Structure formats: C-alpha cells, structure tokens
Amino acid sequence: MARAWKWVTGVLMTASILLAFTYSPVAMRPRYSSETHQNVMVPWPEFRIFFFHVPSAWVAALAFTVAMIWSIRYLRRRDVRFDDVVLASSELGFVFCAVALLSGMIWARREWGAFWNWDPRQNTVLILLLIYGGYFTLRSAIADEDKRRRITAVYSIFAFATVPFLMFIVPRIMETLHPSPIIKTNENSGVMNAKMRLVFYLFLLSYTALYLWVLNIRVRVERVSRSSVMDLQTQEVA
C-alpha cells in the first residue's frame, strides 16, 4: 500500500507540474495603456505561482487540523501512537506553511516590488509560523515524556484555534494587497478559466497526497525510533 501510494503521489506531482507549464494557458489581466488611454489585456505569467502557493496554504491548514484532532484523541486515550501523528502533522504543517509564506514573498517581489510589504496575509501567516514554532520549542523543553505529550497536545489544540482566525478571517476583514478572487465564478470575476481550474485542483490533490505520504513515513520513523530507544533501555537494565 505504501509503495502504491508513493507512485500515485509521484505521478500526481509530475503531472501537476508539467500541466502547469504546458496545458494551462498564461493568465491575462487588464493594464492601463498610455497609448490608448484604456485598459488592455496583457499576459500575467507570474500567476502560475498560485498553483504552488495556494495548495501549500491548504495543506498547512489540513495538517494543523489533523494535529488538533489527534491531540484530542491522545488526551482522551493517552496512546503514544496518537502523539506520533500530532508531532508529524505539526511538522508538515509548519513546512507547508513556510512554503506558502516563501512563495507568497516571491509573488510580492514580482508584483509589489519587495519581498515583504506588511500585508495582512503575510503578517498572519508569519504569526501562525511563530505560534507553531512555539509548539516545537515547548516540546524540546520538557524532559518528562508523558508530561511533554500531555502539555503539547493541549498547546496544539489552542494553537489550532488561531488557524481559521489568522488564515481566513483576518485577511478578509482587513484591507489587503492580495488579489481576490482568483477562481472565476462568472464572466466578470476572477482570472482562472476551465483549464487553469483543472490544473489548480490537480495541484490541491497532489499536495494532499504528498502530505499523506510523508505523514505516514514520518509517523513510522517516529515509532521505530521510540522502539529502538526502548530496546536500548531494556538492554541496559538487563
């Protein structure tokens, strides 16, 4: 099953990247022309960054949600295997959140002239990274394993409470440079046509598959590592 999932993920990722630069047409946007004194449609190749940027943010939110759910399960049953999932999903959420921030900074440099513009969406993602960075700091600061798992599970639950607020609510109630909407719902909104939407949804599926594949590997590594430590401790006692 793991081998099959690896191949499925590889095929999806490869197809997504290839289609983003071959099948998907170049986005167009209006720009004022000093010659005609009216808006004209011009190519917008930088838009392809969103094929990588938005799915990264989606998977980050998904990973933090999984970490929260399994934190609750750990607190209810105190099964260390649940804590393995919390740790692995938090790590992946942090990585994908960082990718979303970095890709957004590349976009900002191309579109707004600077990597950092103190835009609300940039600020909230950075704050979210700092919050989950605190999770790893807390985890490394507590020596007792049971206490560490219990406290960090509680922290993970409270940290997740900030995810919808920082990723979805604040950016929409504050004035932002971020373009919206990007998905075309009618002829007068958005910039994505049918081909772009297909590639975009394929990227969402690919990133989700990548997350699940790496999550499975990371959980297995954590369990093998813990088993090895227990075996060494048993040998030392004997």
# chains A, B, ... in the order shown; residues from 1 in each chain; ligands from 1
call {"tool": "residues_around", "arguments": {"residues": "region 51-59 of chain A", "least_positions_apart": "5", "cutoff": "10 Å", "atoms": "only C-alpha atoms", "output": "ChimeraX atom specification"}}
result
/A:16-17,20,64-65,92-107,125,167,196-197,199-212
call {"tool": "write_last_selection", "arguments": {"atoms": "C-alpha atoms", "output": "mmCIF file, in the first residue's frame"}}
result
data_model
loop_
_atom_site.group_PDB
_atom_site.id
_atom_site.type_symbol
_atom_site.label_atom_id
_atom_site.label_comp_id
_atom_site.auth_asym_id
_atom_site.auth_seq_id
_atom_site.Cartn_x
_atom_site.Cartn_y
_atom_site.Cartn_z
ATOM 1 C CA SER A 16 0.654 18.804 -11.977
ATOM 2 C CA ILE A 17 3.981 20.497 -12.664
ATOM 3 C CA ALA A 20 1.069 23.976 -15.097
ATOM 4 C CA PHE A 64 -2.829 21.640 11.651
ATOM 5 C CA THR A 65 -6.402 20.330 11.698
ATOM 6 C CA LEU A 92 4.468 19.025 7.993
ATOM 7 C CA GLY A 93 2.027 21.832 8.660
ATOM 8 C CA PHE A 94 4.934 24.058 9.652
ATOM 9 C CA VAL A 95 6.853 23.158 6.482
ATOM 10 C CA PHE A 96 3.922 23.741 4.130
ATOM 11 C CA CYS A 97 3.063 26.979 5.927
ATOM 12 C CA ALA A 98 6.654 28.142 5.405
ATOM 13 C CA VAL A 99 6.418 27.211 1.704
ATOM 14 C CA ALA A 100 3.222 29.244 1.419
ATOM 15 C CA LEU A 101 4.928 32.223 3.041
ATOM 16 C CA LEU A 102 8.058 31.974 0.869
ATOM 17 C CA SER A 103 6.109 31.541 -2.367
ATOM 18 C CA GLY A 104 3.964 34.497 -1.346
ATOM 19 C CA MET A 105 7.119 36.553 -0.818
ATOM 20 C CA ILE A 106 8.319 35.671 -4.315
ATOM 21 C CA TRP A 107 4.953 36.800 -5.624
ATOM 22 C CA VAL A 125 0.988 33.526 8.124
ATOM 23 C CA MET A 167 -5.718 32.303 7.722
ATOM 24 C CA MET A 196 -6.486 26.720 -15.051
ATOM 25 C CA ARG A 197 -9.046 25.420 -12.584
ATOM 26 C CA VAL A 199 -4.574 22.310 -13.041
ATOM 27 C CA PHE A 200 -5.260 24.139 -9.774
ATOM 28 C CA TYR A 201 -7.476 21.343 -8.425
ATOM 29 C CA LEU A 202 -4.916 18.773 -9.543
ATOM 30 C CA PHE A 203 -2.295 20.623 -7.504
ATOM 31 C CA LEU A 204 -4.598 20.560 -4.478
ATOM 32 C CA LEU A 205 -4.967 16.795 -4.884
ATOM 33 C CA SER A 206 -1.220 16.325 -5.458
ATOM 34 C CA TYR A 207 -0.188 18.330 -2.400
ATOM 35 C CA THR A 208 -2.724 16.494 -0.260
ATOM 36 C CA ALA A 209 -1.387 13.125 -1.469
ATOM 37 C CA LEU A 210 2.177 14.300 -0.790
ATOM 38 C CA TYR A 211 1.205 15.322 2.733
ATOM 39 C CA LEU A 212 -0.441 11.962 3.484
#
call {"tool": "residues_around", "arguments": {"residues": "Trp118 (chain A)", "least_positions_apart": "5", "cutoff": "12 Å", "atoms": "only C-alpha atoms", "output": "list in words"}}
result
Gly104, Met105, Ala108, Trp112, Asn123, Thr124, Val125, Leu126, Ile127, Pro171, Glu175, Thr176, Leu177 and His178 of chain A
call {"tool": "write_last_selection", "arguments": {"atoms": "N, CA and C atoms", "output": "PDB file, in the first residue's frame"}}
result
ATOM      1  N   GLY A 104       4.659  33.215  -1.371  1.00  0.00           N
ATOM      2  CA  GLY A 104       3.964  34.497  -1.346  1.00  0.00           C
ATOM      3  C   GLY A 104       4.936  35.666  -1.396  1.00  0.00           C
ATOM      4  N   MET A 105       6.103  35.506  -0.773  1.00  0.00           N
ATOM      5  CA  MET A 105       7.119  36.553  -0.818  1.00  0.00           C
ATOM      6  C   MET A 105       7.694  36.713  -2.224  1.00  0.00           C
ATOM      7  N   ALA A 108       5.187  38.621  -4.038  1.00  0.00           N
ATOM      8  CA  ALA A 108       5.223  40.025  -3.624  1.00  0.00           C
ATOM      9  C   ALA A 108       6.369  40.776  -4.287  1.00  0.00           C
ATOM     10  N   TRP A 112       4.746  43.537  -6.237  1.00  0.00           N
ATOM     11  CA  TRP A 112       4.684  44.748  -5.412  1.00  0.00           C
ATOM     12  C   TRP A 112       6.048  45.391  -5.172  1.00  0.00           C
ATOM     13  N   ASN A 123       1.483  38.911   7.236  1.00  0.00           N
ATOM     14  CA  ASN A 123       1.643  39.022   8.692  1.00  0.00           C
ATOM     15  C   ASN A 123       1.003  37.850   9.428  1.00  0.00           C
ATOM     16  N   THR A 124      -0.211  37.470   9.011  1.00  0.00           N
ATOM     17  CA  THR A 124      -0.911  36.412   9.734  1.00  0.00           C
ATOM     18  C   THR A 124      -0.241  35.046   9.548  1.00  0.00           C
ATOM     19  N   VAL A 125       0.288  34.793   8.341  1.00  0.00           N
ATOM     20  CA  VAL A 125       0.988  33.526   8.124  1.00  0.00           C
ATOM     21  C   VAL A 125       2.272  33.485   8.944  1.00  0.00           C
ATOM     22  N   LEU A 126       2.969  34.611   9.031  1.00  0.00           N
ATOM     23  CA  LEU A 126       4.178  34.670   9.858  1.00  0.00           C
ATOM     24  C   LEU A 126       3.845  34.427  11.326  1.00  0.00           C
ATOM     25  N   ILE A 127       2.767  35.033  11.806  1.00  0.00           N
ATOM     26  CA  ILE A 127       2.347  34.820  13.201  1.00  0.00           C
ATOM     27  C   ILE A 127       2.014  33.352  13.434  1.00  0.00           C
ATOM     28  N   PRO A 171      -7.484  38.179   7.162  1.00  0.00           N
ATOM     29  CA  PRO A 171      -7.175  38.709   5.830  1.00  0.00           C
ATOM     30  C   PRO A 171      -8.393  39.215   5.059  1.00  0.00           C
ATOM     31  N   GLU A 175      -7.970  45.489   4.888  1.00  0.00           N
ATOM     32  CA  GLU A 175      -7.581  45.862   3.533  1.00  0.00           C
ATOM     33  C   GLU A 175      -6.272  45.181   3.178  1.00  0.00           C
ATOM     34  N   THR A 176      -6.215  44.555   2.015  1.00  0.00           N
ATOM     35  CA  THR A 176      -5.058  43.759   1.647  1.00  0.00           C
ATOM     36  C   THR A 176      -4.677  43.981   0.185  1.00  0.00           C
ATOM     37  N   LEU A 177      -3.405  43.783  -0.116  1.00  0.00           N
ATOM     38  CA  LEU A 177      -2.923  43.834  -1.494  1.00  0.00           C
ATOM     39  C   LEU A 177      -3.180  42.528  -2.229  1.00  0.00           C
ATOM     40  N   HIS A 178      -3.491  41.496  -1.479  1.00  0.00           N
ATOM     41  CA  HIS A 178      -3.644  40.156  -2.043  1.00  0.00           C
ATOM     42  C   HIS A 178      -4.782  40.123  -3.055  1.00  0.00           C
TER      43      HIS A 178
END
call {"tool": "select_by_dssp", "arguments": {"residues": "region 19-219 of chain A", "states": "strand (DSSP E)", "output": "PDB file with C-alpha atoms, in the first residue's frame"}}
result
ATOM      1  CA  ALA A  27      -3.325  34.220 -17.309  1.00  0.00           C
ATOM      2  CA  MET A  28      -4.372  37.614 -18.615  1.00  0.00           C
ATOM      3  CA  ARG A  29      -5.133  40.764 -16.678  1.00  0.00           C
ATOM      4  CA  PRO A  30      -6.101  44.354 -17.541  1.00  0.00           C
ATOM      5  CA  ARG A  31      -3.446  47.063 -17.528  1.00  0.00           C
ATOM      6  CA  TYR A  32      -3.797  50.722 -18.369  1.00  0.00           C
ATOM      7  CA  SER A  33      -2.200  51.737 -21.670  1.00  0.00           C
ATOM      8  CA  GLN A  38      -7.759  52.483 -21.677  1.00  0.00           C
ATOM      9  CA  ASN A  39      -7.228  49.101 -20.094  1.00  0.00           C
ATOM     10  CA  VAL A  40      -5.809  46.355 -22.317  1.00  0.00           C
ATOM     11  CA  MET A  41      -5.357  42.676 -21.517  1.00  0.00           C
ATOM     12  CA  VAL A  42      -1.715  41.691 -21.018  1.00  0.00           C
ATOM     13  CA  PRO A  43      -0.070  38.345 -20.126  1.00  0.00           C
ATOM     14  CA  TRP A  44       0.348  37.557 -16.428  1.00  0.00           C
TER      15      TRP A  44
END
call {"tool": "closest_atom_pairs", "arguments": {"of": "region 63-117 of chain A", "to": "region 213-217 of chain A", "cutoff": "12 Å", "atoms": "only C-alpha atoms", "output": "tab-separated table"}}
result
residue	atom	partner	partner_atom	distance
A:Ala63	CA	A:Leu215	CA	9.2
A:Val66	CA	A:Leu215	CA	10.5
A:Ala67	CA	A:Leu215	CA	11.0
A:Asp84	CA	A:Leu215	CA	9.9
A:Val85	CA	A:Leu215	CA	7.7
A:Val86	CA	A:Leu215	CA	10.0
A:Leu87	CA	A:Leu215	CA	9.7
A:Ala88	CA	A:Leu215	CA	6.1
A:Ser89	CA	A:Leu215	CA	6.4
A:Ser90	CA	A:Leu215	CA	9.8
A:Glu91	CA	A:Leu215	CA	9.2
A:Leu92	CA	A:Leu215	CA	7.4
A:Gly93	CA	A:Leu215	CA	10.1
A:Val95	CA	A:Val214	CA	11.6
A:Phe96	CA	A:Val214	CA	11.9
call {"tool": "closest_residue", "arguments": {"among": "A:Ile131, A:Ala159, A:Arg78, A:Asn193", "to": "Glu145 (chain A)", "atoms": "only C-alpha atoms"}}
result
A:Arg78
call {"tool": "atom_distance", "arguments": {"atom1": "CA of Leu128 (chain A)", "atom2": "CA of Arg48 (chain A)"}}
result
24.6 Å
call {"tool": "select_by_dssp", "arguments": {"residues": "region 18-76 of chain A", "states": "helix (DSSP H, G or I)", "output": "ChimeraX atom specification"}}
result
/A:18-21,45-76
call {"tool": "write_last_selection", "arguments": {"atoms": "N, CA and C atoms", "output": "compact mmCIF listing (two decimals), in the first residue's frame"}}
result
# COMPACT_ATOMS: atom_id res chain seq x y z
N LEU A 18 3.97 19.50 -14.88
CA LEU A 18 4.02 19.56 -16.33
C LEU A 18 2.83 20.32 -16.91
N LEU A 19 1.64 20.04 -16.40
CA LEU A 19 0.44 20.69 -16.92
C LEU A 19 0.42 22.18 -16.59
N ALA A 20 1.04 22.56 -15.47
CA ALA A 20 1.07 23.98 -15.10
C ALA A 20 1.81 24.82 -16.12
N PHE A 21 2.81 24.20 -16.79
CA PHE A 21 3.62 24.95 -17.74
C PHE A 21 3.36 24.58 -19.20
N PRO A 45 2.24 35.98 -16.48
CA PRO A 45 2.87 34.67 -16.22
C PRO A 45 3.14 34.42 -14.74
N GLU A 46 3.29 35.48 -13.94
CA GLU A 46 3.55 35.31 -12.50
C GLU A 46 2.40 34.60 -11.78
N PHE A 47 1.24 34.56 -12.43
CA PHE A 47 0.09 33.93 -11.79
C PHE A 47 0.33 32.47 -11.49
N ARG A 48 1.22 31.81 -12.24
CA ARG A 48 1.47 30.38 -12.03
C ARG A 48 1.99 30.10 -10.62
N ILE A 49 2.52 31.10 -9.95
CA ILE A 49 2.97 30.90 -8.56
C ILE A 49 1.82 30.41 -7.69
N PHE A 50 0.61 30.82 -8.02
CA PHE A 50 -0.54 30.44 -7.21
C PHE A 50 -0.83 28.95 -7.28
N PHE A 51 -0.40 28.29 -8.35
CA PHE A 51 -0.57 26.84 -8.41
C PHE A 51 0.21 26.14 -7.30
N PHE A 52 1.29 26.75 -6.84
CA PHE A 52 2.12 26.18 -5.78
C PHE A 52 1.80 26.83 -4.43
N HIS A 53 1.44 28.08 -4.45
CA HIS A 53 1.23 28.86 -3.22
C HIS A 53 -0.04 28.47 -2.49
N VAL A 54 -1.15 28.48 -3.19
CA VAL A 54 -2.44 28.20 -2.55
C VAL A 54 -2.53 26.77 -2.02
N PRO A 55 -2.13 25.73 -2.79
CA PRO A 55 -2.16 24.37 -2.23
C PRO A 55 -1.28 24.21 -0.99
N SER A 56 -0.17 24.94 -0.92
CA SER A 56 0.68 24.87 0.27
C SER A 56 -0.07 25.37 1.49
N ALA A 57 -0.78 26.48 1.33
CA ALA A 57 -1.57 27.03 2.44
C ALA A 57 -2.69 26.07 2.82
N TRP A 58 -3.32 25.45 1.82
CA TRP A 58 -4.40 24.48 2.08
C TRP A 58 -3.88 23.30 2.89
N VAL A 59 -2.75 22.72 2.48
CA VAL A 59 -2.21 21.57 3.18
C VAL A 59 -1.76 21.95 4.59
N ALA A 60 -1.22 23.16 4.76
CA ALA A 60 -0.84 23.61 6.10
C ALA A 60 -2.06 23.62 7.02
N ALA A 61 -3.17 24.17 6.54
CA ALA A 61 -4.40 24.18 7.34
C ALA A 61 -4.88 22.76 7.62
N LEU A 62 -4.79 21.88 6.61
CA LEU A 62 -5.19 20.48 6.79
C LEU A 62 -4.32 19.80 7.84
N ALA A 63 -3.01 20.02 7.77
CA ALA A 63 -2.09 19.37 8.70
C ALA A 63 -2.33 19.85 10.13
N PHE A 64 -2.56 21.12 10.31
CA PHE A 64 -2.83 21.64 11.65
C PHE A 64 -4.16 21.12 12.19
N THR A 65 -5.12 20.90 11.29
CA THR A 65 -6.40 20.33 11.70
C THR A 65 -6.22 18.89 12.17
N VAL A 66 -5.45 18.11 11.41
CA VAL A 66 -5.17 16.72 11.80
C VAL A 66 -4.45 16.69 13.15
N ALA A 67 -3.48 17.58 13.34
CA ALA A 67 -2.75 17.62 14.61
C ALA A 67 -3.69 17.92 15.77
N MET A 68 -4.64 18.81 15.56
CA MET A 68 -5.60 19.15 16.62
C MET A 68 -6.49 17.96 16.95
N ILE A 69 -7.00 17.27 15.92
CA ILE A 69 -7.90 16.13 16.14
C ILE A 69 -7.17 15.02 16.90
N TRP A 70 -5.96 14.71 16.49
CA TRP A 70 -5.23 13.63 17.14
C TRP A 70 -4.71 14.05 18.52
N SER A 71 -4.58 15.33 18.77
CA SER A 71 -4.26 15.81 20.12
C SER A 71 -5.42 15.50 21.06
N ILE A 72 -6.63 15.75 20.59
CA ILE A 72 -7.81 15.44 21.39
C ILE A 72 -7.89 13.94 21.66
N ARG A 73 -7.61 13.14 20.64
CA ARG A 73 -7.64 11.69 20.80
C ARG A 73 -6.57 11.23 21.80
N TYR A 74 -5.40 11.87 21.75
CA TYR A 74 -4.36 11.49 22.71
C TYR A 74 -4.78 11.82 24.14
N LEU A 75 -5.35 12.98 24.35
CA LEU A 75 -5.76 13.37 25.70
C LEU A 75 -6.86 12.47 26.23
N ARG A 76 -7.66 11.92 25.35
CA ARG A 76 -8.75 11.03 25.78
C ARG A 76 -8.25 9.62 26.08
call {"tool": "closest_residue", "arguments": {"among": "A:Glu222, A:Phe168, A:Lys6, A:Ser156", "to": "Pro120 (chain A)", "atoms": "only C-alpha atoms"}}
result
A:Phe168
